[in-house]
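**Student:** My file is target-v5.cif. It has mmCIF, C-alpha atoms:
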```
data_query
loop_
_atom_site.label_atom_id
_atom_site.label_comp_id
_atom_site.auth_asym_id
_atom_site.auth_seq_id
_atom_site.Cartn_x
_atom_site.Cartn_y
_atom_site.Cartn_z
CA MET A 14 154.84 112.40 62.02
CA PRO A 15 151.83 110.07 61.54
CA ASN A 16 150.39 110.01 58.02
CA ILE A 17 146.71 109.10 57.61
CA ARG A 18 145.98 107.05 54.49
CA LYS A 19 142.93 105.50 52.85
CA SER A 20 143.87 102.06 54.19
CA LEU A 21 143.59 103.24 57.81
CA LEU A 22 140.19 104.92 57.27
CA GLN A 23 138.90 101.77 55.60
CA LEU A 24 140.28 99.61 58.41
CA ILE A 25 138.43 101.68 61.01
CA PHE A 26 135.24 101.61 58.94
CA SER A 27 135.44 97.82 58.44
CA GLY A 28 133.92 97.25 61.87
CA SER A 29 130.61 98.32 60.28
CA PHE A 30 130.59 95.03 58.35
CA MET A 31 131.47 92.75 61.26
CA LYS A 32 128.46 90.92 62.67
CA ARG A 33 128.30 90.02 66.34
CA TRP A 34 126.38 87.19 68.01
CA ASN A 35 126.04 85.60 64.58
CA ASP A 36 125.30 82.19 66.11
CA LYS A 37 122.20 83.55 67.88
CA LEU A 38 118.78 84.79 66.80
CA ARG A 39 118.98 88.60 66.84
CA PRO A 40 116.28 91.30 66.80
CA MET A 41 118.56 93.32 64.48
CA GLU A 42 122.09 93.07 63.14
CA LEU A 43 124.58 93.72 65.91
CA VAL A 44 127.93 94.93 64.58
CA GLU A 45 131.36 95.49 66.07
CA VAL A 46 131.58 99.25 65.56
CA ASP A 47 128.31 99.82 67.48
CA LYS A 48 129.56 97.74 70.39
CA GLN A 49 132.86 99.65 70.44
CA ALA A 50 130.99 102.97 70.59
CA HIS A 51 128.88 101.82 73.54
CA LYS A 52 131.99 100.46 75.24
CA MET A 53 133.85 103.76 74.93
CA ILE A 54 130.83 105.75 76.14
CA ALA A 55 130.82 103.56 79.27
CA ALA A 56 134.61 103.96 79.53
CA TRP A 57 134.24 107.75 79.44
CA ILE A 58 131.64 107.62 82.22
CA LEU A 59 133.91 105.48 84.41
CA PHE A 60 136.94 107.61 83.54
CA THR A 61 135.11 110.81 84.52
CA LEU A 62 133.94 109.40 87.85
CA ASN A 63 137.20 107.67 88.82
CA SER A 64 139.49 110.58 87.98
CA GLU A 65 137.75 113.26 90.03
CA HIS A 66 140.39 113.02 92.78
CA MET A 67 143.34 113.10 90.35
CA SER A 68 145.56 116.01 89.43
CA PRO A 69 145.03 117.49 85.95
CA ARG A 70 148.21 115.79 84.69
CA GLU A 71 147.18 112.37 86.06
CA LYS A 72 143.69 112.76 84.62
CA ILE A 73 144.95 113.62 81.13
CA LYS A 74 147.39 110.70 81.20
CA LEU A 75 144.63 108.27 82.22
CA GLY A 76 142.24 109.62 79.58
CA ASN A 77 144.78 109.09 76.83
CA GLN A 78 145.56 105.58 78.06
CA ILE A 79 141.86 104.72 77.95
CA VAL A 80 141.25 106.18 74.48
CA GLU A 81 144.35 104.70 72.90
CA GLY A 82 143.90 101.39 74.71
CA GLY A 83 140.31 101.21 73.45
CA ILE A 84 141.47 101.85 69.88
CA PHE A 85 144.23 99.24 70.23
CA GLU A 86 141.64 96.70 71.39
CA TYR A 87 139.33 97.59 68.50
CA LEU A 88 142.07 97.07 65.93
CA PHE A 89 142.84 93.69 67.54
CA ARG A 90 139.20 92.62 67.47
CA ILE A 91 138.81 93.60 63.82
CA VAL A 92 141.22 90.77 63.07
CA ILE A 93 139.97 88.14 65.55
CA THR A 94 136.26 88.97 65.53
CA ASP A 95 135.23 85.45 64.43
CA ILE A 96 136.78 83.87 67.54
CA LYS A 97 133.99 83.25 70.07
CA PRO A 98 134.62 85.00 73.42
CA PRO A 99 134.91 81.78 75.50
CA VAL A 100 137.62 80.53 73.12
CA PHE A 101 139.41 83.90 73.18
CA TYR A 102 139.40 83.99 77.00
CA ARG A 103 140.79 80.44 77.09
CA ILE A 104 143.61 81.56 74.82
CA LYS A 105 144.26 84.66 76.93
CA GLU A 106 144.59 82.57 80.10
CA ASN A 107 147.68 80.95 78.57
CA PRO A 108 150.36 83.67 78.12
CA GLU A 109 152.29 81.69 75.52
CA HIS A 110 149.20 81.00 73.39
CA TYR A 111 148.00 84.59 73.68
CA ARG A 112 151.40 85.93 72.66
CA LYS A 113 151.36 83.76 69.53
CA LEU A 114 147.87 85.03 68.68
CA ALA A 115 148.92 88.64 69.31
CA GLN A 116 151.98 88.27 67.08
CA TRP A 117 149.81 86.93 64.27
CA VAL A 118 147.30 89.79 64.69
CA LEU A 119 150.08 92.38 64.64
CA LYS A 120 151.43 90.86 61.44
CA GLN A 121 148.01 91.39 59.81
CA LEU A 122 147.75 94.98 61.04
CA ARG A 123 151.29 96.14 60.30
CA PRO A 124 150.89 97.09 56.59
CA ARG A 125 147.97 99.41 57.30
CA LEU A 126 149.38 100.97 60.45
CA MET A 127 153.00 101.63 59.50
CA PRO A 128 152.20 105.08 57.98
CA LEU A 129 151.35 106.13 61.55
CA GLY A 130 155.02 105.91 62.44
CA ASN A 131 157.25 103.72 64.55
CA GLU A 132 156.31 105.36 67.86
CA PHE A 133 152.63 104.47 67.45
CA TRP A 134 153.52 100.96 66.28
CA GLU A 135 155.74 100.30 69.30
CA ARG A 136 152.98 101.41 71.69
CA LEU A 137 150.52 99.09 69.95
CA LYS A 138 152.97 96.17 70.07
CA ASN A 139 153.74 96.71 73.74
CA PHE A 140 150.03 96.97 74.59
CA HIS A 141 149.28 93.56 73.08
CA LEU A 142 152.51 91.67 73.71
CA ASN A 143 152.96 92.86 77.32
CA PRO A 144 149.43 93.36 78.64
CA ASP A 145 148.92 94.59 82.20
CA ASP A 146 145.35 93.94 83.30
CA THR A 147 145.88 95.53 86.72
CA THR A 148 146.13 99.19 85.70
CA ILE A 149 143.10 101.42 86.22
CA SER A 150 142.88 102.12 82.47
CA ALA A 151 142.86 98.38 81.69
CA ARG A 152 140.23 97.74 84.35
CA ILE A 153 138.00 100.57 83.09
CA LEU A 154 138.26 99.20 79.54
CA SER A 155 137.54 95.65 80.74
CA ALA A 156 134.47 96.74 82.73
CA SER A 157 133.23 98.83 79.79
CA HIS A 158 133.73 95.95 77.37
CA MET A 159 131.71 93.62 79.60
CA TYR A 160 128.99 96.22 80.07
CA ALA A 161 128.59 96.84 76.32
CA SER A 162 128.56 93.12 75.50
CA TYR A 163 126.08 92.43 78.30
CA SER A 164 123.83 95.18 76.93
CA GLU A 165 123.80 93.41 73.57
CA PHE A 166 123.11 90.08 75.28
CA LYS A 167 120.02 91.48 77.01
CA LEU A 168 118.63 92.48 73.61
CA LEU A 169 118.67 88.92 72.31
CA LYS A 170 118.42 86.55 75.29
CA HIS A 171 114.60 86.41 75.29
CA LEU A 172 114.59 85.45 71.59
CA ASN A 173 116.90 82.49 72.14
CA GLN A 174 114.97 80.41 74.65
CA PRO A 175 115.70 77.61 75.24
CA ASP A 176 119.47 77.82 74.81
CA ASP A 177 121.77 76.03 77.24
CA GLU A 178 124.51 78.61 76.75
CA LEU A 179 122.45 81.60 77.90
CA ILE A 180 122.67 81.02 81.65
CA ALA A 181 126.43 80.51 81.57
CA ILE A 182 126.93 83.56 79.31
CA GLU A 183 124.90 85.83 81.58
CA GLU A 184 126.62 84.61 84.74
CA ASN A 185 129.98 85.21 83.09
CA PHE A 186 129.06 88.81 82.30
CA LYS A 187 127.81 89.48 85.82
CA SER A 188 130.78 87.86 87.54
CA ARG A 189 133.33 89.70 85.39
CA LEU A 190 131.57 93.02 85.98
CA LYS A 191 131.42 92.38 89.73
CA CYS A 192 135.22 92.00 89.74
CA HIS A 193 135.34 95.72 88.92
CA CYS A 194 132.67 96.92 91.34
CA ASP A 195 135.27 98.77 93.38
CA LEU A 196 135.46 101.21 90.45
CA LYS A 197 133.05 104.08 90.93
CA GLY A 198 130.07 103.72 88.58
CA VAL A 199 130.35 100.02 87.71
CA GLN A 200 127.63 98.97 90.16
CA GLU A 201 125.33 101.60 88.66
CA LEU A 202 126.01 100.35 85.11
CA LEU A 203 125.33 96.78 86.24
CA ASN A 204 121.93 97.89 87.59
CA SER A 205 121.06 99.88 84.50
CA GLU A 206 117.30 99.45 84.88
CA THR A 207 117.15 101.24 88.23
CA THR A 208 119.99 103.79 88.38
CA VAL A 209 120.14 107.18 86.66
CA LEU A 210 123.72 106.59 85.50
CA GLY A 211 122.83 103.17 84.11
CA LYS A 212 119.77 104.56 82.35
CA PHE A 213 121.92 107.27 80.75
CA ALA A 214 124.45 104.71 79.47
CA ASP A 215 121.64 102.50 78.16
CA LEU A 216 120.02 105.52 76.52
CA CYS A 217 123.26 106.22 74.64
CA GLY A 218 123.26 102.61 73.47
CA ARG A 219 119.88 103.14 71.82
CA LEU A 220 121.63 105.12 69.09
CA ARG A 221 122.24 101.70 67.51
CA PHE A 222 118.52 101.57 66.68
CA GLN A 223 118.74 104.75 64.58
CA THR A 224 119.80 103.95 61.02
CA ARG A 225 121.63 106.64 59.10
CA TRP A 226 120.44 107.48 55.58
CA SER A 227 117.21 105.73 56.58
CA GLN A 228 115.55 106.33 53.19
CA THR A 229 118.57 105.17 51.16
CA PRO A 230 119.47 101.47 50.73
CA ARG A 231 123.13 100.89 51.63
CA ILE A 232 125.65 98.13 52.30
CA PRO A 233 126.52 98.18 55.09
CA GLU A 234 123.70 99.95 56.85
CA THR A 235 125.23 102.06 59.58
CA SER A 236 123.71 103.34 62.78
CA VAL A 237 124.19 106.66 64.52
CA LEU A 238 126.01 104.76 67.29
CA GLY A 239 128.55 103.27 64.90
CA HIS A 240 128.92 106.60 63.11
CA VAL A 241 129.95 108.47 66.26
CA TYR A 242 132.65 105.91 67.01
CA ILE A 243 134.08 106.23 63.51
CA VAL A 244 134.07 110.03 63.82
CA ALA A 245 135.75 109.82 67.23
CA THR A 246 138.47 107.46 66.02
CA PHE A 247 139.14 109.55 62.92
CA ALA A 248 139.43 112.60 65.20
CA TRP A 249 141.98 110.82 67.40
CA PHE A 250 144.21 109.85 64.48
CA PHE A 251 144.01 113.24 62.81
CA SER A 252 144.85 114.82 66.16
CA LEU A 253 148.02 112.71 66.20
CA GLU A 254 148.81 113.87 62.67
CA ILE A 255 148.61 117.58 63.52
CA GLY A 256 150.56 117.22 66.76
CA ALA A 257 147.67 117.99 69.12
CA CYS A 258 148.51 118.00 72.81
CA PRO A 259 147.23 115.05 74.92
CA ALA A 260 144.22 116.96 76.33
CA ARG A 261 143.21 118.11 72.85
CA ARG A 262 143.51 114.58 71.45
CA GLN A 263 141.23 113.01 74.03
CA ASN A 264 138.78 115.92 73.93
CA ASN A 265 138.50 115.49 70.15
CA PHE A 266 137.83 111.76 70.58
CA PHE A 267 135.15 112.22 73.22
CA ALA A 268 133.57 115.17 71.38
CA GLY A 269 133.30 112.91 68.33
CA LEU A 270 131.81 110.15 70.47
CA PHE A 271 129.04 112.40 71.77
CA HIS A 272 128.50 114.84 68.90
CA ASP A 273 125.22 113.19 67.82
CA LEU A 274 123.91 112.60 71.35
CA PRO A 275 120.93 114.98 70.79
CA GLU A 276 119.75 112.64 68.01
CA LEU A 277 118.68 110.26 70.77
CA LEU A 278 115.84 112.70 71.25
CA THR A 279 115.18 114.01 67.72
CA ARG A 280 116.33 111.12 65.45
CA ASP A 281 118.86 111.49 62.65
CA ILE A 282 117.71 114.59 60.78
CA ILE A 283 119.48 114.76 57.42
CA SER A 284 121.54 117.85 56.53
CA PRO A 285 119.31 119.02 53.65
CA VAL A 286 116.41 119.37 56.09
CA LYS A 287 118.53 121.25 58.64
CA LYS A 288 119.85 123.57 55.93
CA ALA A 289 116.56 124.09 54.06
CA ASP A 290 116.02 127.34 55.94
CA PRO A 291 117.97 128.97 58.79
CA THR A 292 114.81 129.08 60.87
CA ILE A 293 114.35 125.29 60.63
CA GLY A 294 117.92 124.67 61.72
CA ASP A 295 117.56 127.05 64.66
CA LEU A 296 114.29 125.42 65.76
CA ILE A 297 115.83 121.95 65.62
CA LYS A 298 118.84 123.12 67.67
CA GLU A 299 116.58 124.79 70.24
CA TYR A 300 114.47 121.65 70.58
CA GLU A 301 117.57 119.45 70.89
CA ASP A 302 118.98 121.66 73.66
CA GLN A 303 115.69 121.58 75.58
CA GLU A 304 115.40 117.81 75.33
CA VAL A 305 119.02 117.25 76.40
CA GLU A 306 118.48 119.53 79.39
CA THR A 307 115.23 117.85 80.46
CA ARG A 308 115.92 114.18 79.73
CA ILE A 309 119.67 113.90 80.27
CA ASN A 310 121.18 116.78 82.23
CA LYS A 311 118.55 117.30 84.93
CA PRO A 312 118.32 113.65 86.08
CA LEU A 313 122.12 113.39 86.20
CA ILE A 314 122.53 116.66 88.14
CA ASP A 315 119.74 115.72 90.56
CA ASN A 316 121.65 112.53 91.37
CA GLY A 317 125.06 114.12 91.88
CA TYR A 318 126.67 113.67 88.46
CA GLU A 319 127.47 117.32 87.78
CA SER A 320 130.94 116.41 86.47
CA ILE A 321 129.43 114.28 83.71
CA VAL A 322 126.97 117.00 82.69
CA SER A 323 129.71 119.64 82.70
CA ARG A 324 131.99 117.65 80.40
CA LEU A 325 129.14 116.68 78.09
CA GLY A 326 128.26 120.35 77.78
CA TYR A 327 131.83 121.19 76.81
CA PHE A 328 131.95 118.44 74.18
CA LEU A 329 128.59 119.51 72.73
CA GLY A 330 129.55 123.19 72.63
CA SER A 331 126.91 124.37 75.09
CA ASP A 332 128.94 127.49 75.92
CA THR A 333 130.24 128.13 72.40
CA GLY A 334 127.14 127.45 70.29
CA SER A 335 128.15 124.26 68.49
CA GLU A 336 130.16 121.06 68.81
CA PHE A 337 131.79 122.14 65.51
CA GLN A 338 133.16 125.35 67.06
CA SER A 339 136.72 125.09 68.40
CA ALA A 340 137.06 125.95 72.07
CA ALA A 341 139.53 126.34 74.92
CA ILE A 342 139.26 127.02 78.62
CA ILE A 343 140.56 130.56 79.09
CA ASP A 344 140.45 132.21 82.54
CA GLY A 345 138.24 129.37 83.74
CA CYS A 346 135.58 129.70 81.02
CA ALA A 347 134.95 127.95 77.69
CA LYS A 348 135.71 130.40 74.89
CA LYS A 349 135.37 130.23 71.11
CA VAL A 350 138.71 130.13 69.32
CA THR A 351 139.79 129.57 65.74
CA THR A 352 141.76 126.57 64.53
CA GLU A 353 144.71 128.88 63.93
CA GLU A 354 144.54 130.07 67.55
CA LEU A 355 144.37 126.48 68.77
CA ASP A 356 147.54 125.65 66.86
CA SER A 357 149.49 128.79 67.73
CA ARG A 358 148.35 129.70 71.27
CA TYR A 359 146.16 127.09 72.93
CA ASN A 360 147.66 123.71 71.94
CA ASP A 361 148.56 123.03 75.54
CA ASP A 362 146.95 120.80 78.17
CA CYS A 363 146.39 123.75 80.51
CA TYR A 364 143.81 125.20 78.08
CA ASP A 365 141.83 121.93 77.76
CA PRO A 366 141.49 122.62 73.98
CA ARG A 367 138.94 121.05 71.64
CA ASP A 368 138.73 121.21 67.84
CA GLY A 369 135.56 122.07 65.95
CA GLU A 370 136.66 122.32 62.34
CA LEU A 371 138.56 119.04 62.62
CA LEU A 372 135.50 117.32 64.10
CA LYS A 373 133.33 118.54 61.23
CA LEU A 374 135.88 117.17 58.77
CA CYS A 375 135.75 113.77 60.49
CA ASP A 376 131.94 113.85 60.39
CA HIS A 377 132.06 114.49 56.63
CA LEU A 378 134.71 111.78 56.08
CA ALA A 379 132.59 109.23 57.93
CA ALA A 380 129.62 110.07 55.68
CA PHE A 381 131.93 109.88 52.66
CA LEU A 382 133.06 106.37 53.70
CA GLU A 383 129.43 105.31 54.09
CA ALA A 384 128.60 106.44 50.54
CA TYR A 385 131.86 105.13 49.06
CA ASN A 386 131.51 101.63 50.53
CA SER A 387 127.90 101.28 49.45
CA LEU A 388 128.83 102.28 45.90
CA GLN A 389 131.74 99.82 45.97
CA ASN A 390 129.34 97.10 47.06
CA GLY A 391 127.05 97.71 44.08
CA ILE A 392 124.37 99.89 45.67
CA THR A 393 123.77 102.85 43.39
CA SER A 394 121.31 105.63 44.09
CA ALA A 395 121.11 109.36 43.50
CA PRO A 396 121.61 110.29 47.19
CA LEU A 397 124.76 108.17 47.45
CA HIS A 398 126.28 109.57 44.25
CA GLN A 399 125.36 113.10 45.27
CA ALA A 400 126.92 112.72 48.73
CA TYR A 401 130.07 111.15 47.32
CA TRP A 402 130.47 113.90 44.73
CA ARG A 403 129.49 116.80 47.05
CA ILE A 404 131.91 115.85 49.83
CA SER A 405 134.84 115.01 47.55
CA GLN A 406 134.30 118.13 45.44
CA SER A 407 134.10 120.46 48.46
CA TYR A 408 137.47 119.28 49.74
CA MET A 409 139.09 119.30 46.32
CA GLU A 410 138.27 123.01 46.22
CA ASN A 411 139.48 123.47 49.80
CA PRO A 412 142.13 120.73 50.12
CA VAL A 413 143.65 121.68 53.50
CA VAL A 414 141.31 121.80 56.51
CA ALA A 415 142.42 122.15 60.13
CA GLY A 416 145.96 121.30 59.07
CA ILE A 417 144.86 118.09 57.32
CA HIS A 418 145.58 117.61 53.60
CA VAL A 419 142.13 116.25 52.75
CA GLY A 420 142.32 116.61 48.96
CA PRO A 421 145.14 114.10 48.43
CA LEU A 422 143.53 111.73 50.95
CA LEU A 423 140.20 111.71 49.10
CA ALA A 424 142.03 111.33 45.79
CA ASP A 425 143.12 107.89 47.03
CA PHE A 426 139.47 106.82 46.79
CA ASP A 427 139.12 107.65 43.07
#
```
Using structure tokens, write down the structure from this file.
**Tutor:**
Amino acid sequence: MPNIRKSLLQLIFSGSFMKRWNDKLRPMELVEVDKQAHKMIAAWILFTLNSEHMSPREKIKLGNQIVEGGIFEYLFRIVITDIKPPVFYRIKENPEHYRKLAQWVLKQLRPRLMPLGNEFWERLKNFHLNPDDTTISARILSASHMYASYSEFKLLKHLNQPDDELIAIEENFKSRLKCHCDLKGVQELLNSETTVLGKFADLCGRLRFQTRWSQTPRIPETSVLGHVYIVATFAWFFSLEIGACPARRQNNFFAGLFHDLPELLTRDIISPVKKADPTIGDLIKEYEDQEVETRINKPLIDNGYESIVSRLGYFLGSDTGSEFQSAAIIDGCAKKVTTEELDSRYNDDCYDPRDGELLKLCDHLAAFLEAYNSLQNGITSAPLHQAYWRISQSYMENPVVAGIHVGPLLADFD
């Protein structure tokens, strides 16, 4: 059974430090974890559209291949992030050279990933040592990677004139994306300024502009976009640890990826404000729901993307009241269930289960990592100390949550 340790959580969080485009003038710091979040949002869009004709079993299998493949690629890029893309693609064109690079990367990752078990390690090794770029999951991930990188490029290209590289870089993005235009949705993402689907994906990418803890100096500063990816990845690994069924694993990942989507429309409102009075929290939730309905759901539905709106609603807990409420599809409807019921009765793909308590734990752990790393990097402030103490203390008093032994895990950070 996989065992989640401090080293894995820190490895996932380390993408918050990794600068991108660091040889170009940038309007803001662009970091790896933000790019990965935008990539996986695009991957979910393409997955949803290109699996509509599939059987439930085929769809679940594809979803898990996309999520796990995306995580495998992220772990790889954490190690090789300083290699410029043109150099990396040159290496990848030569199978022998790429295999040597992959073997070196795996050697660096092995110590931190071995607690996940041999089965996970063998899947990771096979993914990188025997890549198959022709599968639909690989093509969706490739198109999503290009889309997210191209979105970053468009943020900085006007600041870097004149630069001889810019024309070649942009043409490379466009040509690689056009290779995947037979996939439903890719053309719309490529024309993001004029299509509803492209505008939605770009809107999600704007979460990188929203800084978390905006009134508290931190190193590294993290965005809402990076935060949701960390939460999603934590949720995936904890789902493996508790033996969640494939549908539950991918639902937990995607629910984590979208759990702060309403903050596109309201900004990152800190917990003390939401909890100051029940009325304030209810008003904020009501406003968020109205804005999501008007600015996201209606345009998508009007343009034929009901499947995307339906799944987003399930991830956000539209039918159950909260994204942090566990749910399952029972008799064709989304129903509230407890974590205990998920484990004992509904941990089966046919119920399309989704955790709530586990997702909340991952949200808290991501905030804990943000406070912990800032303190480790010499940034001390009352809000950081309070958050570190409050989160660690709450789980010391309640050390097992959603089947996860959180107390011993947090004790590793002492």
**Student:** Which protein, DNA or RNA residues have an atom at most 12 Å from (147.3, 82.5, 76.3), counting all atoms listed in the file? List them as a list in words.
**Tutor:**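 Applying the cut-off with all atoms listed in the file, one gets Val100, Phe101, Tyr102, Arg103, Ile104, Lys105, Glu106, Asn107, Pro108, Glu109, His110, Tyr111, Arg112, Lys113, Leu114, Ala115, Gln116, His141, Leu142, Asn143 and Pro144 of chain A.
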**Student:** So, with only C-alpha atoms as the atoms that count, which of A:Arg123, A:His158, A:Lys19, A:Arg39 lies closest to A:Leu423?
**Tutor:** A:Lys19
**Student:** Between atom CA of A:Leu277 and atom CA of A:Glu206, what is the spacing in Å?
**Tutor:**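 These two atoms are separated by 17.8 Å.
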**Student:** Which residues are near A:Ile25? Cut-off 10 Å, only C-alpha atoms, ignore same chain within fewer than 4 positions. Put them as a list in words.
**Tutor:**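 My reading of the contact set: Ser20, Leu21, Ser29, Val46, Ile84, Tyr87, Leu88, Ile91, Tyr242, Ile243, Val244, Thr246 and Phe247 of chain A.
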**Student:** For the file shown, report as a PyMOL selection string the outcome of the PyMOL selection byres ((chain A and resi 317-326) around 10) at residue level.
**Tutor:** chain A and resi 57-59+61-62+65+209-210+264+267-268+271-272+274+305-306+309-316+327-333+336
**Student:** Mind giving me the straight-line distance from atom CA of A:Asn16 to atom CA of A:Ala257 in Å, one decimal?
**Tutor:**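 Interatomic distance, atom CA of A:Asn16 to atom CA of A:Ala257: 13.9 Å.
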**Student:** Tell me which of A:Glu370, A:Asp176, A:Asp195, A:Glu45 sits closest to A:Glu86, counting all atoms listed in the file.
**Tutor:**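 When distances to A:Glu86 are compared using all atoms listed in the file, the smallest one comes from A:Glu45.
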**Student:** One decimal, in Å: what's the spacing between atom CA of A:Thr235 and atom CA of A:Pro396?
**Tutor:**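 Separation between atom CA of A:Thr235 and atom CA of A:Pro396: 15.3 Å.
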**Student:** Using all atoms listed in the file, collect all residues at a distance of at most 9 Å from (127.8, 91.3, 75.0) as written in the file, then present them as a PyMOL selection string.
**Tutor:** chain A and resi 33-34+48+158-167+182+186
**Student:** Can you spell out as a ChimeraX atom specification the set of residues that the PyMOL selection byres ((chain A and resi 77) around 8) selects in the structure I just provided?
**Tutor:** /A:73-76,78-81,259-260,262-263
**Student:** Kindly save the residues from that selection, with C-alpha atoms included, as a PDB file, keeping the file's coordinate frame.
**Tutor:**
```
ATOM      1  CA  ILE A  73     144.950 113.620  81.130  1.00  0.00           C
ATOM      2  CA  LYS A  74     147.390 110.700  81.200  1.00  0.00           C
ATOM      3  CA  LEU A  75     144.630 108.270  82.220  1.00  0.00           C
ATOM      4  CA  GLY A  76     142.240 109.620  79.580  1.00  0.00           C
ATOM      5  CA  GLN A  78     145.560 105.580  78.060  1.00  0.00           C
ATOM      6  CA  ILE A  79     141.860 104.720  77.950  1.00  0.00           C
ATOM      7  CA  VAL A  80     141.250 106.180  74.480  1.00  0.00           C
ATOM      8  CA  GLU A  81     144.350 104.700  72.900  1.00  0.00           C
ATOM      9  CA  PRO A 259     147.230 115.050  74.920  1.00  0.00           C
ATOM     10  CA  ALA A 260     144.220 116.960  76.330  1.00  0.00           C
ATOM     11  CA  ARG A 262     143.510 114.580  71.450  1.00  0.00           C
ATOM     12  CA  GLN A 263     141.230 113.010  74.030  1.00  0.00           C
TER      13      GLN A 263
END
```
**Student:** Restricting the calculation to only C-alpha atoms, which member of A:Ile54, A:Ala424, A:Leu397, A:Ala415 is positioned closest to A:Glu354?
**Tutor:** A:Ala415
**Student:** Between A:Leu371, A:Ile153, A:Ala56, A:Ile232, single out the one closest to A:Gly269, counting only C-alpha atoms.
**Tutor:** A:Leu371
**Student:** Take the PyMOL selection byres ((chain A and resi 152) around 12), apply it to the structure above, and return the hits as a VMD selection string.
**Tutor:** chain A and resid 56 59 to 60 63 75 78 to 79 82 to 83 144 to 151 153 to 159 189 to 197 199
**Student:** So which one's closest to A:Ser387, A:Gly345, A:Asn360, A:Gly28, A:Glu234? Using all atoms listed in the file, please.
**Tutor:** A:Glu234
**Student:** I need the residue nearest A:Phe250 from this list: A:Phe266, A:Glu42, A:Arg136, A:Glu201. Use only C-alpha atoms for the distance.
**Tutor:**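 Once distances to A:Phe250 are computed over only C-alpha atoms, the minimum belongs to A:Phe266.
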